[in-house]
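The block underneath contains the structure these notes are about, expressed in structure tokens.
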Amino acid sequence: MRGNNSYSDDSPIAAFATTPGGALTLIRCSGKGAIEIAGAVFSPPLASAPANTVIHGWIVSANEKVDEVLVSVFRAPKSYTGEDSLDISCHGGTTAGKAVMSALKTAGFRDALPGEFTFRAFMNGKLDLTKAESVMELVSAKTEISRRRAVSRLSGSLKTEIGEIKKLLVQVLSGAEIYLDYSEDEIGADADEDAGRLPYRNIALEALLRLKKLSASWQIERVYQEGITLVIAGCPNSGKSSLFNAMLKEDRSIVTEIPGTTRDWIEAWVSIEGIPVRLVDTAGLRETGDSVEKIGVERSRKLLEESDIVLYLIDGTQGLTNDDKNFTAKNGRCIFVWNKNDIAPMPDSFNAEGKIPICVSAKTGGGLDGLYTAITSVILQQVLSNNEHEELSAGVGTVRQKNLVDDAICALEESLALAEREEPLDLIAPLLRSAVNSLGEITGEVSTADVLEEMFSRFCVGK
Ligand SMILES: Nc1nc2c(ncn2[C@@H]2O[C@H](COP(=O)(O)OP(=O)(O)OP(=O)(O)O)[C@@H](O)[C@H]2O)c(=O)[nH]1
Ligand SMILES: [Mg+2]
């Protein structure tokens, strides 16, 4: 429950579907009596408007014209929510939409809660939970690949995979239950050869394998959804801000020949081969008496601790300094970069901590492609056991889905272990049922009100 409103009613709701200020403002309305209620503040009459039509008219409140609008009318069950719904297209700017919304609320609509339209679509069987969650993923996708992965789930790839695995488990479960309901004599010659342990054990193993693949997919999905933090570090003047700007393709960070230019860190999101990367430029690492710079260096060190990957810049004109050599932070996650290669090419036999740096020129952009390849390969090495981009296939898209897949894996592994020890089937069957239920929760066939409310409350209003 939120205030007096709850997700689980069908009262008429309204919300802005666009951010006020653009050329048009779109207001979505849905719920019981939505068309009649909107009709009370609309001219001409709306009540008899056929489904899937667009009606031109005016929002009228207290006998005063509020705005000239287009209203798209959808009738239950053929709408996004499955309820009677309207999309009201108002004039843009900041005032027209607000005035229309105020008229709608006077007529009887209440503000929609976050994700309430999609919640209703789910409750009315319009989409399963994996699709509902992918709607949110799609809205917050940071790169083209993130978007494509979300769309794959929206079009049902995860739902299909979960459905198929669930079918396998149900087969194993019903096999076990038959043995519970009838004695072995009654089942007789048709008995599975594995009857002493677990009927359909091979099918259970196949389900387990597919579940493990799904669980592992979260690591890569998370990278594409949430991105990674890449911190550029190095001595003052090594060219960190220049590299930051070059990767961003924008003059965002101040560059000068004076060491100690960057004091406070600065960040921006970039896409590197489709992976969302939070790029952070930091103050050059050095001992300093300047109190402002000192705070900057402290912040740099803290950011280094939080980073997923460090790009450590070596100033080509200086070579490897003692400060560079003293740099110990997380070398495992550190990519060494030789900068200023345009004026100071890297000597042939050079290495830093046994690693050959990537040569770039932040000034000319030379070598950046090689740097992107190195970054991508480190990211993928961190999240994948092999070094290849996984094919775009069904993967889990949220922590909730991943946890439920893991619950199913645990229950299934335990049931297989019990079967191995020839424990009775009446101990094994409940575990199999629990695995089936976990999969049902992923798609929403089995769900509780509080889980649903928690999930949809993370959506934006109007979705
Ligand atoms: N020739 C050449 N000069 C570069 C290159 N990268 C940076 N510089 C120059 O090096 C100087 C320092 O560059 P910055 O990007 O400000 O270096 P920084 O590491 O951010 O320095 P601090 O913020 O002081 O720690 C500037 O004069 C840049 O123009 C490069 O690839 N080639
Ligand atoms: Mg700088």
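In the structure tokens, each chain is lettered A, B, ... as it comes, each chain's residues begin at 1, and ligands are numbered from 1 in order of appearance.
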
Quiz prompt | Residues within 12 Å of Ala62 in chain A, only C-alpha atoms, excluding chain neighbours under 5 positions, as a VMD selection string | solution = chain A and resid 40 to 42 102 to 104 106 to 107

Saved selection, atoms kept: N, CA, C and O atoms, as a tab-separated table (two decimals), in the first residue's frame:
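Resulting contents of part11.tsv:
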```tsv
chain	number	residue	atom	x	y	z
A	40	ALA	N	-16.28	13.09	-19.46
A	40	ALA	CA	-16.91	14.17	-18.69
A	40	ALA	C	-16.19	15.50	-18.88
A	40	ALA	O	-16.76	16.55	-18.63
A	41	VAL	N	-14.91	15.44	-19.29
A	41	VAL	CA	-14.17	16.70	-19.50
A	41	VAL	C	-13.72	16.79	-20.96
A	41	VAL	O	-12.70	17.41	-21.26
A	42	PHE	N	-14.45	16.12	-21.85
A	42	PHE	CA	-14.06	16.12	-23.26
A	42	PHE	C	-15.27	16.44	-24.13
A	42	PHE	O	-16.39	16.00	-23.87
A	102	SER	N	-4.89	18.30	-14.61
A	102	SER	CA	-5.69	18.81	-13.49
A	102	SER	C	-7.18	18.57	-13.77
A	102	SER	O	-7.93	18.14	-12.89
A	103	ALA	N	-7.61	18.80	-15.03
A	103	ALA	CA	-9.01	18.55	-15.40
A	103	ALA	C	-9.35	17.07	-15.25
A	103	ALA	O	-10.42	16.70	-14.75
A	104	LEU	N	-8.42	16.20	-15.65
A	104	LEU	CA	-8.66	14.75	-15.57
A	104	LEU	C	-8.79	14.32	-14.11
A	104	LEU	O	-9.63	13.47	-13.77
A	106	THR	N	-9.77	16.19	-11.62
A	106	THR	CA	-11.06	16.69	-11.12
A	106	THR	C	-12.17	15.72	-11.55
A	106	THR	O	-13.10	15.45	-10.82
A	107	ALA	N	-12.03	15.18	-12.78
A	107	ALA	CA	-13.06	14.28	-13.30
A	107	ALA	C	-13.07	12.93	-12.56
A	107	ALA	O	-14.06	12.22	-12.56
```

Practice problem: List all protein, DNA and RNA residues that have at least one atom no more than 9 Å from any atom of ligand 2, counting only C-alpha atoms and all ligand atoms, and write them as a PyMOL selection string. | Solution: chain A and resi 236-242+244+253-256+259-263+265+281-284

Based on the selection just made, write all heavy atoms of those residues as a compact mmCIF listing (two decimals), in the first residue's frame.
```
# COMPACT_ATOMS: atom_id res chain seq x y z
N PRO A 236 50.69 13.30 -12.48
CA PRO A 236 50.25 14.57 -13.05
C PRO A 236 50.89 14.76 -14.42
O PRO A 236 52.04 14.36 -14.63
CB PRO A 236 50.77 15.62 -12.05
CG PRO A 236 50.96 14.87 -10.77
CD PRO A 236 51.32 13.48 -11.15
N ASN A 237 50.11 15.33 -15.34
CA ASN A 237 50.59 15.66 -16.68
C ASN A 237 50.77 14.47 -17.62
O ASN A 237 51.28 14.64 -18.73
CB ASN A 237 51.93 16.42 -16.58
CG ASN A 237 51.85 17.75 -17.31
OD1 ASN A 237 50.75 18.29 -17.45
ND2 ASN A 237 52.96 18.27 -17.77
N SER A 238 50.38 13.28 -17.18
CA SER A 238 50.58 12.12 -18.06
C SER A 238 49.57 12.12 -19.22
O SER A 238 49.72 11.35 -20.17
CB SER A 238 50.48 10.82 -17.26
OG SER A 238 49.29 10.79 -16.51
N GLY A 239 48.52 12.96 -19.10
CA GLY A 239 47.56 13.07 -20.21
C GLY A 239 46.23 12.41 -19.91
O GLY A 239 45.49 12.06 -20.83
N LYS A 240 45.89 12.29 -18.62
CA LYS A 240 44.63 11.62 -18.23
C LYS A 240 43.41 12.37 -18.76
O LYS A 240 42.51 11.78 -19.35
CB LYS A 240 44.55 11.52 -16.69
CG LYS A 240 45.68 10.71 -16.07
CD LYS A 240 45.60 10.69 -14.57
CE LYS A 240 45.81 12.04 -13.92
NZ LYS A 240 47.11 12.68 -14.23
N SER A 241 43.42 13.69 -18.54
CA SER A 241 42.26 14.48 -18.99
C SER A 241 42.19 14.49 -20.50
O SER A 241 41.09 14.46 -21.08
CB SER A 241 42.34 15.90 -18.45
OG SER A 241 42.43 15.86 -17.05
N SER A 242 43.36 14.50 -21.16
CA SER A 242 43.36 14.47 -22.63
C SER A 242 42.74 13.16 -23.12
O SER A 242 41.95 13.14 -24.07
CB SER A 242 44.79 14.59 -23.17
OG SER A 242 45.40 15.75 -22.68
N PHE A 244 40.67 11.21 -21.43
CA PHE A 244 39.24 11.26 -21.04
C PHE A 244 38.46 11.98 -22.15
O PHE A 244 37.45 11.48 -22.65
CB PHE A 244 39.13 12.01 -19.71
CG PHE A 244 37.74 12.21 -19.20
CD1 PHE A 244 37.11 11.22 -18.45
CD2 PHE A 244 37.05 13.38 -19.45
CE1 PHE A 244 35.83 11.41 -17.94
CE2 PHE A 244 35.76 13.59 -18.95
CZ PHE A 244 35.16 12.60 -18.20
N SER A 253 37.03 17.81 -19.91
CA SER A 253 37.93 18.00 -18.78
C SER A 253 39.03 19.01 -19.16
O SER A 253 39.48 19.03 -20.31
CB SER A 253 38.55 16.65 -18.41
OG SER A 253 39.18 16.72 -17.17
N ILE A 254 39.44 19.83 -18.21
CA ILE A 254 40.43 20.87 -18.51
C ILE A 254 41.81 20.24 -18.70
O ILE A 254 42.26 19.42 -17.90
CB ILE A 254 40.49 21.92 -17.37
CG1 ILE A 254 39.13 22.61 -17.24
CG2 ILE A 254 41.59 22.94 -17.63
CD1 ILE A 254 39.00 23.48 -16.02
N VAL A 255 42.44 20.64 -19.81
CA VAL A 255 43.79 20.15 -20.14
C VAL A 255 44.74 21.34 -20.15
O VAL A 255 44.49 22.33 -20.83
CB VAL A 255 43.80 19.46 -21.53
CG1 VAL A 255 45.22 19.16 -21.98
CG2 VAL A 255 42.97 18.19 -21.50
N THR A 256 45.84 21.26 -19.39
CA THR A 256 46.91 22.27 -19.51
C THR A 256 48.24 21.56 -19.35
O THR A 256 48.29 20.38 -18.95
CB THR A 256 46.84 23.37 -18.41
OG1 THR A 256 47.31 22.82 -17.19
CG2 THR A 256 45.43 23.92 -18.23
N PRO A 259 51.26 20.57 -14.36
CA PRO A 259 50.94 19.37 -13.57
C PRO A 259 50.03 19.74 -12.40
O PRO A 259 50.23 20.79 -11.78
CB PRO A 259 52.31 18.89 -13.07
CG PRO A 259 53.31 19.58 -13.93
CD PRO A 259 52.69 20.87 -14.36
N GLY A 260 49.05 18.89 -12.14
CA GLY A 260 48.13 19.18 -11.03
C GLY A 260 46.92 19.98 -11.49
O GLY A 260 46.26 20.63 -10.69
N THR A 261 46.59 19.91 -12.79
CA THR A 261 45.45 20.68 -13.31
C THR A 261 44.13 20.13 -12.77
O THR A 261 43.29 20.87 -12.26
CB THR A 261 45.43 20.64 -14.86
OG1 THR A 261 46.64 21.22 -15.33
CG2 THR A 261 44.23 21.37 -15.42
N THR A 262 43.94 18.82 -12.88
CA THR A 262 42.68 18.23 -12.43
C THR A 262 42.73 18.07 -10.92
O THR A 262 43.64 17.43 -10.39
CB THR A 262 42.44 16.85 -13.11
OG1 THR A 262 42.52 17.03 -14.51
CG2 THR A 262 41.08 16.28 -12.74
N ARG A 263 41.76 18.67 -10.25
CA ARG A 263 41.72 18.58 -8.79
C ARG A 263 40.61 17.61 -8.38
O ARG A 263 40.84 16.61 -7.74
CB ARG A 263 41.46 19.96 -8.16
CG ARG A 263 42.51 21.01 -8.51
CD ARG A 263 43.86 20.57 -7.93
NE ARG A 263 44.91 21.51 -8.20
CZ ARG A 263 45.28 22.51 -7.38
NH1 ARG A 263 44.64 22.71 -6.26
NH2 ARG A 263 46.29 23.30 -7.69
N TRP A 265 37.57 14.95 -9.32
CA TRP A 265 37.36 13.98 -10.39
C TRP A 265 36.14 14.36 -11.22
O TRP A 265 35.27 15.09 -10.77
CB TRP A 265 37.21 12.57 -9.83
CG TRP A 265 36.14 12.45 -8.79
CD1 TRP A 265 36.24 12.80 -7.47
CD2 TRP A 265 34.79 11.99 -8.96
NE1 TRP A 265 35.06 12.57 -6.83
CE2 TRP A 265 34.15 12.07 -7.72
CE3 TRP A 265 34.08 11.50 -10.05
CZ2 TRP A 265 32.83 11.70 -7.52
CZ3 TRP A 265 32.76 11.12 -9.87
CH2 TRP A 265 32.15 11.22 -8.61
N ASP A 281 37.88 10.64 -14.80
CA ASP A 281 39.19 11.31 -14.86
C ASP A 281 39.53 11.76 -13.44
O ASP A 281 38.66 12.27 -12.73
CB ASP A 281 39.09 12.52 -15.80
CG ASP A 281 40.40 13.29 -15.89
OD1 ASP A 281 41.46 12.69 -15.61
OD2 ASP A 281 40.36 14.50 -16.24
N THR A 282 40.77 11.54 -13.05
CA THR A 282 41.12 11.83 -11.65
C THR A 282 42.31 12.78 -11.57
O THR A 282 43.01 13.01 -12.56
CB THR A 282 41.51 10.52 -10.92
OG1 THR A 282 42.64 9.95 -11.60
CG2 THR A 282 40.38 9.54 -10.88
N ALA A 283 42.54 13.26 -10.36
CA ALA A 283 43.71 14.10 -10.11
C ALA A 283 44.96 13.22 -10.18
O ALA A 283 44.93 12.06 -9.74
CB ALA A 283 43.60 14.74 -8.73
N GLY A 284 46.06 13.77 -10.74
CA GLY A 284 47.30 13.01 -10.85
C GLY A 284 47.82 12.60 -9.48
O GLY A 284 47.75 13.37 -8.52
```

Quiz item: Nearest to ligand 1: which of A:Val297, A:Ala352, A:Ala49, A:Leu168 is it, counting only C-alpha atoms and all ligand atoms?
Solution: A:Val297

Exercise. Write out as a PyMOL selection string all residues of range 237-346 of chain A that DSSP puts in strand (DSSP E or B) for this structure's backbone.
Key: chain A and resi 266-272+275-281+309-315+334-339

So which residues touch range 133-136 of chain A within 8 Å, counting only C-alpha atoms, skipping near sequence neighbours fewer than 5 positions away, as a short mmCIF file (atom, residue, chain, number, x, y, z; two decimals) with N, CA, C and O atoms, in the first residue's frame?
```cif
data_model
loop_
_atom_site.label_atom_id
_atom_site.label_comp_id
_atom_site.auth_asym_id
_atom_site.auth_seq_id
_atom_site.Cartn_x
_atom_site.Cartn_y
_atom_site.Cartn_z
N ALA A 150 17.61 -6.40 -24.01
CA ALA A 150 16.31 -6.20 -23.35
C ALA A 150 15.17 -6.57 -24.31
O ALA A 150 14.21 -7.23 -23.92
N VAL A 151 15.32 -6.18 -25.58
CA VAL A 151 14.28 -6.48 -26.58
C VAL A 151 14.14 -7.98 -26.77
O VAL A 151 13.03 -8.51 -26.92
N ARG A 153 14.49 -10.20 -24.50
CA ARG A 153 13.65 -10.71 -23.40
C ARG A 153 12.20 -10.24 -23.57
O ARG A 153 11.27 -10.97 -23.26
N LEU A 154 12.05 -9.00 -24.09
CA LEU A 154 10.70 -8.48 -24.30
C LEU A 154 9.97 -9.35 -25.32
O LEU A 154 8.77 -9.56 -25.24
N GLY A 397 17.69 -11.21 -16.85
CA GLY A 397 17.85 -9.77 -17.00
C GLY A 397 17.82 -8.99 -15.70
O GLY A 397 18.07 -7.80 -15.70
N THR A 398 17.49 -9.65 -14.58
CA THR A 398 17.45 -8.93 -13.31
C THR A 398 18.00 -9.82 -12.19
O THR A 398 18.05 -11.05 -12.33
N PHE A 459 9.72 0.92 -11.38
CA PHE A 459 9.46 1.48 -12.71
C PHE A 459 9.29 3.00 -12.58
O PHE A 459 9.08 3.51 -11.49
#
```

Exercise. Any chance you could list, as a VMD selection string, the residues in range 8-249 of chain A that come up helix (DSSP H, G or I) when DSSP is run on the backbone?
Key: chain A and resid 34 to 39 96 to 107 116 to 123 129 to 139 144 to 154 157 to 181 184 to 190 201 to 226 240 to 248

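Around range 7-21 of chain A, within 6 Å and counting only C-alpha atoms, the residues found are Thr25, Leu26, Ile27, Arg28, Cys29, Ser30, Gly31, Lys32, Ala34, Gly92, Gly93, Thr94, Phe109, Arg110, Asp111, Ala112 and Gly462 of chain A, once anything fewer than 3 positions away on its own chain is removed.
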
Quiz prompt | All residues 12 Å or closer to Glu423 in chain A, only C-alpha atoms, same chain fewer than 3 positions away omitted, as a count of residues only | solution = 15

Practice problem: Measuring atom to atom with only C-alpha atoms, identify which of A:Ala449, A:Arg222, A:Ile178, A:Arg299 is nearest to Glu137 in chain A. | Solution: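 The closest residue to Glu137 in chain A is A:Arg222.
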
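Take CA of Leu211 in chain A and CA of Ile162 in chain A: the distance between them is 8.5 Å.
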
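Closest to Pro50 in chain A among A:Ile88, A:Val71, A:Leu425, A:Val396 is A:Val71, based on only C-alpha atoms.
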
Self-check item: Residue contacts of range 430-440 of chain A (12 Å, only C-alpha atoms) excluding same-chain residues fewer than 5 positions away, as JSON, numbers by chain
Solution: {"A": [128, 129, 130, 158, 159, 160, 161, 162, 163, 164, 165, 166, 167, 168, 169, 170, 171, 172, 173, 174, 175, 176, 177, 180, 198, 201, 204, 207, 208, 211, 214, 396, 400, 401, 402, 403, 404, 405, 406, 407, 408, 409, 410, 411, 412, 413, 414, 415, 416, 417, 418, 419, 424, 425, 445, 446, 447, 448]}

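Picture a line from CA of Phe119 in chain A to CA of Tyr80 in chain A; it runs 10.4 Å.
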